[in-house]
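Reviewing the structure listed below.
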Amino acid sequence: MYRTSYIFFITTLIFVPLAFGTVEQWSMAMAQFLVCCSGIFLLFSLRNKEKYFILKTPGILPLVLLVLWMFLQTIPLPPSIVEIVAPAIHDIYKPINEVSTQDQWIPLTVNQKATIFELMRISSYALFYFLTVQLLSNGSHLKKTVRIVSYLAIGIAFLAIIQKLSSPDKIYWFRATPENAGTVGPWVYHNHYAGFMEMMCPLIFALFLYYRPTVSHNKPLRIKIVEACTMPGSNFHVFLGVGAIIIISSVFISLSRGGIVSLSLALMIFILILPRKIFDFNFLNYVFLASCVALMITWFGWGAVIDKFGTTFTDSGTIHDLRPVLWLDSFRIIKDFFPTGAGFGTFIHIYPLYKTLSVSVILDHAHNDYIELLTDGGIVGFVLAAWFVLTIIVHGWKNMNYRRDRYAILLSIGTLTGIFSILIHSVTDFNMHNGANGFYFFFLCGLLVSAGNTRLYYRTRPTLLDKSGSHSNMILLVSCLLLLGSTVFIRGGALAASIAYSKIANIYLTRHLKEEKLLTVASYARRASGYDPLEGKYPFSLGNAQIFLSKPQDALESFVRASMKNPLSGIYLQKLALLLTTVDKDKAEKLMPIAYARALNKDPLILTWAEWLLSINQREKAVTMLKQVFTNKPHLAKKFMSALAIYSFNRHEITMLLPESVSAWIHYGSLVEEQGNIEDAEFYRTHALDFLDQEKLIKPQYFRQLYQFYKRHNKYDKALIVLREASERMPEQAEFHIALGNYYKREGILYRAKEEYEQALLLDPADENTRRKLEKLQKY
């Protein structure tokens, strides 16, 4: 049983990096299953109490308390208690509770499902750390495991380089990744690849030094080379050296600035804390390795690396990165949720409320693990996590100085600097939220404990760690069963729900759908909600179906349930507000701006909000809001133009609303022309050209549309004026000279027609049609 537990443990170590970095639900579920199996088989092996037993695990108390704190965040509490403990969270749920017919209890998180999934993830990390300490208390297992992960890391680095050269946009040459994702090796995100490698590189470097052949310096060079090549372990020493070069080179090739800096600092720390009394410092060896790395990167080219670092700052010396603004926004979250946090795993949900960045990209992490730990877990979560990490580092440092075994010392230094490296990189990225990197961080923590306590050669005890009490077996059993059960029922339920929902996901609900179809949608939505009661998407779909089934009260209850599952979903809250309009208009008016503020993608909501204001005769508010929105986001004007026509806006109001953009005025002019309003169409198309000086690039279409409009309506004098202005503004455009030539030819002004055709041919000599026109004119 003990051996089976170890096999599952090793399988987990191999699986998590190769499964695309374990960032998807299926891979995380599989990793959790493997960890649980390892724990359960270890528990079975404890029946042989004389041979196997649970060891006291350093840092387990803060780790257990952290998991319990996350669990506490998911427990619904009376709103009165939450208002005292976490007033910011209470305020988020308050608008929904005011709509609900009953005062619903709320958790200490803004998204219960996200926090539960984070709880399962961190619990699996904690159990994996515990298993690492227990299983690697065996010396042979310790050395075997270190070798396996070294082979794995070197193999992945080699794969990453080959893949970067042959198939940079696909993982394993078959799985496509998002455009500009920065794919390296099995990871979609290049910073996560660098994070993994910077943890493993110091460990491999430690083994490289341990297996270095010992050669007498007094002998001739030829004999020293022969001895170095024939001594036991020399081939492994060379392999590890080459592997270290490949790993370091791959980190540079990944173009991860944080990874390059963190790895460089980690290797410097490694050399600084290496005991000089035990290990000879051979400066030439390090120079040789550094030269090999430099040569390998030179072969790939330093240009990309230099250019990547060059993008960090602008020409004026300011930082050219979203992170500083993102962090400043996050500090406001920390201020509001300081005691308890917004809930683990909820940054993507809470950040839109505090976002000041103008970019439309959705930011799911703070790009700083320490800041995100504070936003999600509050000061309580931060202190518990820091307590655990500091406990492990202090314990490992003390034991490293206590040990005399070269392997234990080097392994401790390697794991310690690997931990330092990822902690440094966490200042600028979110490596701890990557599945594989999270597992390997906790593995390194366990490895640091094992390196300082496991004896490779012993007479009495294989480890310096003490035996734990008998209660540890029960705690291990409960932990494994709880994690296994949550993996099966919660993750499995989510999978079953998504399968059920996929059958109705593409059905567009309208009043023209047959009742039978609407009932089918409602049935599958209920089924999906039963499988995954934590997801708000399913009661939201049910509510939409109930609206068309003429069940407004049932729909209202469904939207309330959906909003309670995800109170920061702008779409859920807006739908709830729309339905409330006929029931309680005041509550609807209060809820609508809240929905907009909380939305991840605000664009669709602002247009719906404006239409809703117009539908309830709040025209002045709608005009003021739309003017502000169209000024900041001119592209939205085109999407709302059909509504402008429906709600009978007059010319003055529309002039105020439309952004100072040529394309927006042209587009609105075309819409009113389609409706038969030629006078207004001419007004908007003509005045569109008033904003030419504000355009970065003047397009021929701007003049062409007005010229063709006048031609369609037989206003040739005005068409001529447009053509002349176009040829003056854009003299390099042959089409306007040709159009002018055609006009002059039609009017009998042949010499002017010849001039325009000749100018057109100078600009486009290959235009045979214009050349033939000119040849015909020259006969006269």
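Ordering of the structure tokens sets the chain letters (A, B, ...), residue numbers begin anew at 1 in every chain, and ligands are numbered from 1 in the order given.
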### Message
From a backbone DSSP assignment, name each residue in segment 162-273 of chain A labelled strand (DSSP E), as JSON, numbers by chain.
### Response
{"A": [170, 171, 175, 176]}
Go ahead and write the selection's residues with C-alpha atoms as a PDB file, in the first residue's frame.
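Generated file (result-v1.pdb):
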```
ATOM      1  CA  LYS A 170       0.319  24.965 -30.676  1.00  0.00           C
ATOM      2  CA  ILE A 171       0.958  22.882 -27.569  1.00  0.00           C
ATOM      3  CA  ARG A 175      -3.623  21.930 -29.525  1.00  0.00           C
ATOM      4  CA  ALA A 176      -4.190  25.466 -30.746  1.00  0.00           C
TER       5      ALA A 176
END
```
Considering only C-alpha atoms, tabulate each residue of segment 431-506 of chain A that lies at most 12 Å from segment 147-161 of chain A along with its nearest interatomic pair and the corresponding distance in Å to one decimal; arrange the rows by chain and ascending residue number and present them as a Markdown table.
```
| residue | atom | partner | partner_atom | distance |
| --- | --- | --- | --- | --- |
| A:Tyr440 | CA | A:Val149 | CA | 9.9 |
| A:Phe443 | CA | A:Val149 | CA | 10.6 |
| A:Leu444 | CA | A:Val149 | CA | 10.9 |
| A:Leu447 | CA | A:Val149 | CA | 11.6 |
```
Selected residues written out with N, CA, C and O atoms, as a short mmCIF file (atom, residue, chain, number, x, y, z; two decimals), in the first residue's frame:
```cif
data_model
loop_
_atom_site.label_atom_id
_atom_site.label_comp_id
_atom_site.auth_asym_id
_atom_site.auth_seq_id
_atom_site.Cartn_x
_atom_site.Cartn_y
_atom_site.Cartn_z
N TYR A 440 3.80 22.31 -7.47
CA TYR A 440 5.26 22.21 -7.34
C TYR A 440 5.81 23.14 -6.27
O TYR A 440 6.84 22.85 -5.66
N PHE A 443 5.21 21.15 -3.27
CA PHE A 443 6.15 20.02 -3.33
C PHE A 443 7.54 20.47 -2.88
O PHE A 443 8.21 19.77 -2.10
N LEU A 444 7.98 21.64 -3.33
CA LEU A 444 9.29 22.15 -2.91
C LEU A 444 9.31 22.44 -1.41
O LEU A 444 10.33 22.22 -0.74
N LEU A 447 9.70 19.16 0.07
CA LEU A 447 11.04 18.66 -0.23
C LEU A 447 12.09 19.34 0.65
O LEU A 447 13.06 18.70 1.07
#
```
Within 10 Å of segment 52-69 of chain A: each segment 393-432 of chain A residue with its shortest pair, only C-alpha atoms, as a tab-separated table:
```
residue	atom	partner	partner_atom	distance
A:Ile393	CA	A:Gly59	CA	9.9
A:His395	CA	A:Pro58	CA	7.5
A:Gly396	CA	A:Pro58	CA	9.7
```
Could you turn the residues from that selection into a file that holds N, CA and C atoms, as a CSV table (one decimal), in the first residue's frame?
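Result saved to part-v2.csv:
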```csv
chain,number,residue,atom,x,y,z
A,393,ILE,N,10.5,28.0,5.6
A,393,ILE,CA,11.8,28.6,5.2
A,393,ILE,C,12.7,28.6,6.5
A,395,HIS,N,12.4,26.6,9.1
A,395,HIS,CA,12.7,25.2,9.4
A,395,HIS,C,13.8,24.7,8.5
A,396,GLY,N,13.7,24.9,7.2
A,396,GLY,CA,14.6,24.4,6.2
A,396,GLY,C,16.0,25.0,6.4
```
### Task
Please run DSSP on the backbone and report, as a ChimeraX atom specification, all residues within segment 481-575 of chain A that come out as helix (DSSP H, G or I).
/A:481-502,515-531,537-548,552-565,570-575
### Query
Between A:Ile260, A:Val629, A:Leu476, A:Leu240, which has the minimum distance to Pro604 of chain A (counting only C-alpha atoms)?
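Using only C-alpha atoms, the shortest distance to Pro604 of chain A belongs to A:Val629.
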### Message
Under the rule that only C-alpha atoms are counted, which of A:Leu762, A:Leu448, A:Leu549, A:Ile334 is the nearest residue to Val521 of chain A?
### Response
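Distance minimum relative to Val521 of chain A lands on A:Leu549.
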## Note on the structure
Here atom CA of Ser426 of chain A and atom CA of Ser137 of chain A stand apart by 29.3 Å
### Residue nearest Gln546 of chain A among A:Arg526, A:Lys565, A:Val82, A:Lys718 (counting only C-alpha atoms)
A:Arg526
### Message
I want to know what sits within 9 Å of Leu723 of chain A, based on only C-alpha atoms, with residues of the same chain fewer than 6 positions away left out; could you give that as a list of chain:residue names?
### Response
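Contacts, with the query itself left out: A:Phe703, A:Arg704, A:Tyr707, A:Phe736, A:His737, A:Ala739, A:Leu740.
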Now that the selection is made, can you save its residues with C-alpha atoms as a PDB file, in the first residue's frame?
```pdb
ATOM      1  CA  PHE A 703     -16.070  61.784 -49.419  1.00  0.00           C
ATOM      2  CA  ARG A 704     -17.279  58.897 -51.561  1.00  0.00           C
ATOM      3  CA  TYR A 707     -20.721  62.104 -53.488  1.00  0.00           C
ATOM      4  CA  PHE A 736     -11.604  61.417 -57.402  1.00  0.00           C
ATOM      5  CA  HIS A 737      -9.716  62.738 -60.440  1.00  0.00           C
ATOM      6  CA  ALA A 739     -14.865  61.099 -61.208  1.00  0.00           C
ATOM      7  CA  LEU A 740     -14.122  64.758 -61.885  1.00  0.00           C
TER       8      LEU A 740
END
```
### Task
Compile the contact shell of Tyr572 of chain A as a list in words: residues with an atom at most 8 Å away, counting only C-alpha atoms, same-chain residues fewer than 5 positions apart removed.
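These residues fall inside the cut-off: Phe540, Phe559, Ala562, Ser563, Pro567 and Ala595 of chain A.
Considering only C-alpha atoms, the residue among A:Gly669, A:Pro95, A:Gly341, A:Gly536 positioned nearest to Lys113 of chain A is A:Gly536.
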### Query
Taking only C-alpha atoms into account, which of A:Ala114, A:Ile507, A:Thr356, A:Leu131 comes nearest Leu34 of chain A?
A:Leu131
#### Entry: Polymer residues at most 12 Å from segment 490-500 of chain A, only C-alpha atoms, same-chain spacing of 2 or more positions, as a PyMOL selection string
chain A and resi 24-30+32-33+113-114+116-121+482-488+502-505+520-539
Could you pull the residues within 9 Å of Leu464 of chain A, counting only C-alpha atoms, minus those fewer than 3 positions along the same chain, as a short mmCIF file (atom, residue, chain, number, x, y, z; two decimals) with C-alpha atoms, in the first residue's frame?
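Now in selection.cif:
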```
data_model
loop_
_atom_site.label_atom_id
_atom_site.label_comp_id
_atom_site.auth_asym_id
_atom_site.auth_seq_id
_atom_site.Cartn_x
_atom_site.Cartn_y
_atom_site.Cartn_z
CA SER A 137 11.02 10.54 4.77
CA GLY A 452 16.65 18.72 6.15
CA ASN A 453 15.26 15.74 8.06
CA THR A 454 15.57 12.55 5.98
CA ARG A 455 18.68 10.48 6.62
CA ARG A 461 15.69 6.51 12.63
#
```
### Task
Just the residues within 12 Å of Gln701 of chain A, please, counting only C-alpha atoms, with nothing from its chain fewer than 3 positions along; format it as a list in words.
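These residues fall inside the cut-off: Val662, Ser663, Ile666, His667, Arg685, Ala688, Leu689, Leu692, Leu697, Ile698, Arg704, Gln705, Leu706, Tyr707, Gln708, Phe709, Val722, Leu723, Ala726, Met730, Gln733, Glu735 and Phe736 of chain A.
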Serialized selection, C-alpha atoms, as an mmCIF file, in the first residue's frame:
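The resulting file, again-v6.cif, is reproduced below:
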```cif
data_model
loop_
_atom_site.group_PDB
_atom_site.id
_atom_site.type_symbol
_atom_site.label_atom_id
_atom_site.label_comp_id
_atom_site.auth_asym_id
_atom_site.auth_seq_id
_atom_site.Cartn_x
_atom_site.Cartn_y
_atom_site.Cartn_z
ATOM 1 C CA VAL A 662 -16.983 61.156 -39.200
ATOM 2 C CA SER A 663 -18.006 57.498 -39.351
ATOM 3 C CA ILE A 666 -22.195 58.963 -41.817
ATOM 4 C CA HIS A 667 -23.682 55.822 -40.296
ATOM 5 C CA ARG A 685 -23.803 63.032 -44.140
ATOM 6 C CA ALA A 688 -19.815 64.379 -40.986
ATOM 7 C CA LEU A 689 -17.040 66.090 -42.961
ATOM 8 C CA LEU A 692 -12.205 65.489 -40.748
ATOM 9 C CA LEU A 697 -6.538 58.957 -40.964
ATOM 10 C CA ILE A 698 -8.802 60.529 -43.597
ATOM 11 C CA ARG A 704 -17.279 58.897 -51.561
ATOM 12 C CA GLN A 705 -20.399 58.322 -49.447
ATOM 13 C CA LEU A 706 -21.543 61.953 -49.782
ATOM 14 C CA TYR A 707 -20.721 62.104 -53.488
ATOM 15 C CA GLN A 708 -22.758 58.956 -54.171
ATOM 16 C CA PHE A 709 -25.602 60.272 -51.995
ATOM 17 C CA VAL A 722 -17.684 67.232 -52.796
ATOM 18 C CA LEU A 723 -15.406 65.891 -55.548
ATOM 19 C CA ALA A 726 -11.976 65.425 -52.022
ATOM 20 C CA MET A 730 -6.656 63.705 -50.994
ATOM 21 C CA GLN A 733 -6.470 59.377 -54.770
ATOM 22 C CA GLU A 735 -10.627 57.804 -58.159
ATOM 23 C CA PHE A 736 -11.604 61.417 -57.402
#
```
